[in-house]
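**Student:** This is the content of run-v7.pdb (PDB, N, CA and C atoms):
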```
MODEL        1
ATOM      1  N   MET A   1      17.000  41.413  29.013
ATOM      2  CA  MET A   1      17.894  41.848  27.957
ATOM      3  C   MET A   1      18.596  40.649  27.304
ATOM      4  N   MET A   2      18.959  39.682  28.111
ATOM      5  CA  MET A   2      19.691  38.551  27.579
ATOM      6  C   MET A   2      18.771  37.598  26.814
ATOM      7  N   PHE A   3      17.516  37.505  27.232
ATOM      8  CA  PHE A   3      16.591  36.563  26.598
ATOM      9  C   PHE A   3      16.380  36.839  25.111
ATOM     10  N   PRO A   4      16.132  38.066  24.679
ATOM     11  CA  PRO A   4      15.964  38.300  23.233
ATOM     12  C   PRO A   4      17.218  37.967  22.424
ATOM     13  N   LEU A   5      18.400  38.202  22.997
ATOM     14  CA  LEU A   5      19.629  37.882  22.269
ATOM     15  C   LEU A   5      19.780  36.373  22.089
ATOM     16  N   VAL A   6      19.486  35.625  23.137
ATOM     17  CA  VAL A   6      19.581  34.165  23.059
ATOM     18  C   VAL A   6      18.539  33.622  22.095
ATOM     19  N   ARG A   7      17.337  34.161  22.172
ATOM     20  CA  ARG A   7      16.269  33.694  21.271
ATOM     21  C   ARG A   7      16.634  33.977  19.818
ATOM     22  N   ASN A   8      17.191  35.132  19.543
ATOM     23  CA  ASN A   8      17.597  35.487  18.187
ATOM     24  C   ASN A   8      18.720  34.580  17.693
ATOM     25  N   ALA A   9      19.683  34.293  18.558
ATOM     26  CA  ALA A   9      20.797  33.429  18.170
ATOM     27  C   ALA A   9      20.301  32.011  17.882
ATOM     28  N   LEU A  10      19.391  31.499  18.713
ATOM     29  CA  LEU A  10      18.867  30.154  18.496
ATOM     30  C   LEU A  10      18.040  30.066  17.215
ATOM     31  N   SER A  11      17.252  31.099  16.946
ATOM     32  CA  SER A  11      16.449  31.062  15.719
ATOM     33  C   SER A  11      17.343  31.135  14.492
ATOM     34  N   THR A  12      18.434  31.900  14.579
ATOM     35  CA  THR A  12      19.364  31.984  13.456
ATOM     36  C   THR A  12      20.030  30.635  13.217
ATOM     37  N   LEU A  13      20.443  29.970  14.309
ATOM     38  CA  LEU A  13      21.050  28.646  14.163
ATOM     39  C   LEU A  13      20.055  27.641  13.611
ATOM     40  N   ARG A  14      18.814  27.729  14.061
ATOM     41  CA  ARG A  14      17.780  26.806  13.598
ATOM     42  C   ARG A  14      17.523  27.003  12.103
ATOM     43  N   ILE A  15      17.476  28.242  11.660
ATOM     44  CA  ILE A  15      17.250  28.528  10.235
ATOM     45  C   ILE A  15      18.413  28.007   9.404
ATOM     46  N   ARG A  16      19.632  28.219   9.871
ATOM     47  CA  ARG A  16      20.797  27.712   9.133
ATOM     48  C   ARG A  16      20.778  26.193   9.056
ATOM     49  N   ARG A  17      20.393  25.561  10.161
ATOM     50  CA  ARG A  17      20.343  24.105  10.180
ATOM     51  C   ARG A  17      19.302  23.588   9.188
ATOM     52  N   ILE A  18      18.131  24.214   9.157
ATOM     53  CA  ILE A  18      17.086  23.811   8.217
ATOM     54  C   ILE A  18      17.560  24.001   6.778
ATOM     55  N   GLN A  19      18.248  25.098   6.508
ATOM     56  CA  GLN A  19      18.748  25.337   5.154
ATOM     57  C   GLN A  19      19.786  24.295   4.758
ATOM     58  N   GLN A  20      20.651  23.903   5.695
ATOM     59  CA  GLN A  20      21.650  22.881   5.393
ATOM     60  C   GLN A  20      20.988  21.542   5.106
ATOM     61  N   ILE A  21      19.956  21.209   5.874
ATOM     62  CA  ILE A  21      19.252  19.948   5.646
ATOM     63  C   ILE A  21      18.569  19.959   4.291
ATOM     64  N   ARG A  22      17.942  21.073   3.943
ATOM     65  CA  ARG A  22      17.265  21.158   2.639
ATOM     66  C   ARG A  22      18.262  21.027   1.498
ATOM     67  N   GLN A  23      19.449  21.628   1.646
ATOM     68  CA  GLN A  23      20.446  21.528   0.593
ATOM     69  C   GLN A  23      20.981  20.109   0.472
ATOM     70  N   SER A  24      21.157  19.422   1.597
ATOM     71  CA  SER A  24      21.689  18.065   1.530
ATOM     72  C   SER A  24      20.660  17.080   0.998
ATOM     73  N   HIS A  25      19.385  17.393   1.131
ATOM     74  CA  HIS A  25      18.332  16.495   0.659
ATOM     75  C   HIS A  25      17.810  16.862  -0.730
ATOM     76  N   SER A  26      18.322  17.924  -1.292
ATOM     77  CA  SER A  26      17.812  18.333  -2.606
ATOM     78  C   SER A  26      18.283  17.349  -3.677
ATOM     79  N   LYS A  27      17.447  17.138  -4.670
ATOM     80  CA  LYS A  27      17.754  16.202  -5.747
ATOM     81  C   LYS A  27      18.537  16.934  -6.831
ATOM     82  N   HIS A  28      19.507  16.243  -7.369
ATOM     83  CA  HIS A  28      20.318  16.851  -8.412
ATOM     84  C   HIS A  28      19.761  16.579  -9.800
ATOM     85  N   SER A  29      19.098  15.445  -9.957
ATOM     86  CA  SER A  29      18.493  15.125 -11.237
ATOM     87  C   SER A  29      17.151  14.446 -10.977
ATOM     88  N   PRO A  30      16.216  14.584 -11.885
ATOM     89  CA  PRO A  30      14.911  13.950 -11.681
ATOM     90  C   PRO A  30      15.027  12.424 -11.680
ATOM     91  N   ASP A  31      14.298  11.801 -10.776
ATOM     92  CA  ASP A  31      14.322  10.347 -10.703
ATOM     93  C   ASP A  31      13.039   9.773 -11.315
ATOM     94  N   PHE A  32      12.843   8.481 -11.123
ATOM     95  CA  PHE A  32      11.699   7.784 -11.711
ATOM     96  C   PHE A  32      10.372   8.411 -11.298
ATOM     97  N   HIS A  33      10.244   8.747  -9.997
ATOM     98  CA  HIS A  33       8.984   9.289  -9.499
ATOM     99  C   HIS A  33       8.700  10.687 -10.045
ATOM    100  N   ASP A  34       9.750  11.452 -10.256
ATOM    101  CA  ASP A  34       9.556  12.773 -10.861
ATOM    102  C   ASP A  34       9.096  12.659 -12.309
ATOM    103  N   LYS A  35       9.615  11.667 -13.018
ATOM    104  CA  LYS A  35       9.266  11.512 -14.437
ATOM    105  C   LYS A  35       7.903  10.874 -14.637
ATOM    106  N   TYR A  36       7.613   9.803 -13.887
ATOM    107  CA  TYR A  36       6.428   9.003 -14.171
ATOM    108  C   TYR A  36       5.398   8.958 -13.046
ATOM    109  N   GLY A  37       5.620   9.664 -11.958
ATOM    110  CA  GLY A  37       4.733   9.570 -10.805
ATOM    111  C   GLY A  37       3.306   9.996 -11.096
ATOM    112  N   ASP A  38       3.132  11.140 -11.737
ATOM    113  CA  ASP A  38       1.779  11.637 -12.031
ATOM    114  C   ASP A  38       1.058  10.729 -13.025
ATOM    115  N   ILE A  39       1.786  10.225 -14.001
ATOM    116  CA  ILE A  39       1.185   9.340 -15.003
ATOM    117  C   ILE A  39       0.714   8.048 -14.344
ATOM    118  N   LEU A  40       1.544   7.487 -13.462
ATOM    119  CA  LEU A  40       1.152   6.252 -12.778
ATOM    120  C   LEU A  40      -0.040   6.472 -11.864
ATOM    121  N   LEU A  41      -0.074   7.596 -11.172
ATOM    122  CA  LEU A  41      -1.197   7.888 -10.287
ATOM    123  C   LEU A  41      -2.492   8.036 -11.086
ATOM    124  N   ALA A  42      -2.440   8.756 -12.185
ATOM    125  CA  ALA A  42      -3.637   8.948 -13.004
ATOM    126  C   ALA A  42      -4.092   7.637 -13.645
ATOM    127  N   SER A  43      -3.153   6.826 -14.113
ATOM    128  CA  SER A  43      -3.551   5.565 -14.745
ATOM    129  C   SER A  43      -4.120   4.599 -13.711
ATOM    130  N   GLY A  44      -3.573   4.570 -12.507
ATOM    131  CA  GLY A  44      -4.118   3.706 -11.464
ATOM    132  C   GLY A  44      -5.507   4.130 -11.040
ATOM    133  N   ALA A  45      -5.717   5.433 -10.912
ATOM    134  CA  ALA A  45      -7.035   5.929 -10.531
ATOM    135  C   ALA A  45      -8.062   5.644 -11.620
ATOM    136  N   SER A  46      -7.676   5.830 -12.879
ATOM    137  CA  SER A  46      -8.624   5.557 -13.968
ATOM    138  C   SER A  46      -8.913   4.058 -14.071
ATOM    139  N   PHE A  47      -7.923   3.207 -13.832
ATOM    140  CA  PHE A  47      -8.154   1.766 -13.846
ATOM    141  C   PHE A  47      -9.164   1.378 -12.767
ATOM    142  N   CYS A  48      -9.002   1.909 -11.566
ATOM    143  CA  CYS A  48      -9.947   1.592 -10.487
ATOM    144  C   CYS A  48     -11.349   2.098 -10.817
ATOM    145  N   LEU A  49     -11.442   3.276 -11.370
ATOM    146  CA  LEU A  49     -12.740   3.833 -11.725
ATOM    147  C   LEU A  49     -13.423   2.978 -12.794
ATOM    148  N   VAL A  50     -12.688   2.616 -13.829
ATOM    149  CA  VAL A  50     -13.255   1.795 -14.901
ATOM    150  C   VAL A  50     -13.679   0.433 -14.365
ATOM    151  N   THR A  51     -12.872  -0.159 -13.492
ATOM    152  CA  THR A  51     -13.215  -1.459 -12.916
ATOM    153  C   THR A  51     -14.510  -1.379 -12.119
ATOM    154  N   TRP A  52     -14.657  -0.359 -11.273
ATOM    155  CA  TRP A  52     -15.879  -0.232 -10.471
ATOM    156  C   TRP A  52     -17.098   0.075 -11.331
ATOM    157  N   VAL A  53     -16.923   0.868 -12.374
ATOM    158  CA  VAL A  53     -18.043   1.149 -13.278
ATOM    159  C   VAL A  53     -18.460  -0.135 -13.988
ATOM    160  N   PHE A  54     -17.506  -0.925 -14.442
ATOM    161  CA  PHE A  54     -17.824  -2.190 -15.095
ATOM    162  C   PHE A  54     -18.539  -3.132 -14.134
ATOM    163  N   LEU A  55     -18.010  -3.277 -12.925
ATOM    164  CA  LEU A  55     -18.647  -4.158 -11.949
ATOM    165  C   LEU A  55     -20.063  -3.694 -11.613
ATOM    166  N   GLY A  56     -20.251  -2.410 -11.525
ATOM    167  CA  GLY A  56     -21.557  -1.883 -11.145
ATOM    168  C   GLY A  56     -22.590  -1.932 -12.241
ATOM    169  N   THR A  57     -22.167  -1.986 -13.488
ATOM    170  CA  THR A  57     -23.143  -1.903 -14.572
ATOM    171  C   THR A  57     -23.263  -3.178 -15.410
ATOM    172  N   GLN A  58     -22.194  -3.936 -15.555
ATOM    173  CA  GLN A  58     -22.196  -5.034 -16.514
ATOM    174  C   GLN A  58     -22.274  -6.431 -15.916
ATOM    175  N   THR A  59     -21.954  -6.616 -14.663
ATOM    176  CA  THR A  59     -21.867  -7.975 -14.131
ATOM    177  C   THR A  59     -23.177  -8.493 -13.580
ATOM    178  N   GLY A  60     -24.177  -7.661 -13.397
ATOM    179  CA  GLY A  60     -25.468  -8.120 -12.919
ATOM    180  C   GLY A  60     -25.553  -8.313 -11.418
ATOM    181  N   ILE A  61     -24.574  -7.815 -10.694
ATOM    182  CA  ILE A  61     -24.625  -7.914  -9.234
ATOM    183  C   ILE A  61     -25.710  -6.970  -8.737
ATOM    184  N   GLN A  62     -26.551  -7.476  -7.848
ATOM    185  CA  GLN A  62     -27.603  -6.635  -7.284
ATOM    186  C   GLN A  62     -27.060  -5.995  -6.015
ATOM    187  N   TRP A  63     -26.763  -4.720  -6.096
ATOM    188  CA  TRP A  63     -26.143  -4.010  -4.989
ATOM    189  C   TRP A  63     -27.190  -3.581  -3.977
ATOM    190  N   GLY A  64     -26.858  -3.726  -2.709
ATOM    191  CA  GLY A  64     -27.709  -3.222  -1.639
ATOM    192  C   GLY A  64     -28.965  -4.032  -1.410
ATOM    193  N   ARG A  65     -28.999  -5.272  -1.846
ATOM    194  CA  ARG A  65     -30.181  -6.104  -1.650
ATOM    195  C   ARG A  65     -30.094  -6.746  -0.269
ATOM    196  N   SER A  66     -31.023  -6.434   0.583
ATOM    197  CA  SER A  66     -31.029  -6.963   1.937
ATOM    198  C   SER A  66     -32.169  -7.969   2.086
ATOM    199  N   PRO A  67     -31.913  -9.119   2.722
ATOM    200  CA  PRO A  67     -32.974 -10.113   2.916
ATOM    201  C   PRO A  67     -33.895  -9.781   4.094
ATOM    202  N   VAL A  68     -33.633  -8.698   4.799
ATOM    203  CA  VAL A  68     -34.442  -8.357   5.968
ATOM    204  C   VAL A  68     -35.861  -8.036   5.518
ATOM    205  N   GLY A  69     -36.829  -8.715   6.105
ATOM    206  CA  GLY A  69     -38.224  -8.492   5.766
ATOM    207  C   GLY A  69     -38.719  -9.382   4.644
ATOM    208  N   ARG A  70     -37.838 -10.041   3.922
ATOM    209  CA  ARG A  70     -38.253 -10.903   2.829
ATOM    210  C   ARG A  70     -38.032 -12.377   3.141
ATOM    211  N   VAL A  71     -37.212 -12.660   4.123
ATOM    212  CA  VAL A  71     -36.919 -14.047   4.471
ATOM    213  C   VAL A  71     -37.600 -14.345   5.796
ATOM    214  N   ALA A  72     -38.474 -15.334   5.785
ATOM    215  CA  ALA A  72     -39.180 -15.728   7.007
ATOM    216  C   ALA A  72     -38.483 -16.939   7.619
ATOM    217  N   PRO A  73     -38.339 -16.955   8.919
ATOM    218  CA  PRO A  73     -37.707 -18.112   9.550
ATOM    219  C   PRO A  73     -38.602 -19.341   9.450
ATOM    220  N   GLN A  74     -37.963 -20.487   9.290
ATOM    221  CA  GLN A  74     -38.708 -21.737   9.197
ATOM    222  C   GLN A  74     -38.856 -22.350  10.599
ATOM    223  N   GLU A  75     -39.848 -23.169  10.711
ATOM    224  CA  GLU A  75     -40.086 -23.856  11.983
ATOM    225  C   GLU A  75     -38.964 -24.863  12.238
ATOM    226  N   TRP A  76     -38.613 -25.019  13.497
ATOM    227  CA  TRP A  76     -37.559 -25.958  13.876
ATOM    228  C   TRP A  76     -38.124 -27.375  13.834
ATOM    229  N   SER A  77     -37.431 -28.247  13.168
ATOM    230  CA  SER A  77     -37.900 -29.638  13.109
ATOM    231  C   SER A  77     -36.811 -30.543  13.666
ATOM    232  N   GLU A  78     -37.206 -31.366  14.629
ATOM    233  CA  GLU A  78     -36.246 -32.325  15.185
ATOM    234  C   GLU A  78     -36.504 -33.660  14.510
ATOM    235  N   GLU A  79     -35.440 -34.259  14.079
ATOM    236  CA  GLU A  79     -35.584 -35.501  13.334
ATOM    237  C   GLU A  79     -35.549 -36.707  14.211
TER     238      GLU A  79
ENDMDL
END
```
Can you present the structure in this file as structure tokens?
**Tutor:**
Amino acid sequence: MMFPLVRNALSTLRIRRIQQIRQSHSKHSPDFHDKYGDILLASGASFCLVTWVFLGTQTGIQWGRSPVGRVAPQEWSEE
């Protein structure tokens, strides 16, 4: 009989505590991240995408070229 009453009282206190924390941490006015966060994230992602597309298509780097099977070891020569 006592256990449900204690459990109910603790859950009520826990809920009140969580509500107080949320109220104390709530923002009163939008800050820099609220105003420009999404724009900065999108511009950074597009910059990275454009950079990788440019590197992959325009610079002439041969991607994934492995020398395995094409390079033969030379004989050891002692001088």
**Student:** So how many Å separate atom CA of Arg65 of chain A and atom CA of Ala45 of chain A, to one decimal?
**Tutor:**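 Atom-to-atom, atom CA of Arg65 of chain A and atom CA of Ala45 of chain A are spaced 27.6 Å apart.
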**Student:** Would you mind reading off the distance between atom C of Leu49 of chain A and atom C of Gly37 of chain A, one decimal, in Å?
**Tutor:** 18.2 Å
**Student:** When DSSP is applied to the backbone of this structure, which of chain A are assigned alpha helix (DSSP H)? Write them out as a PyMOL selection string.
**Tutor:** chain A and resi 2-25+32-58
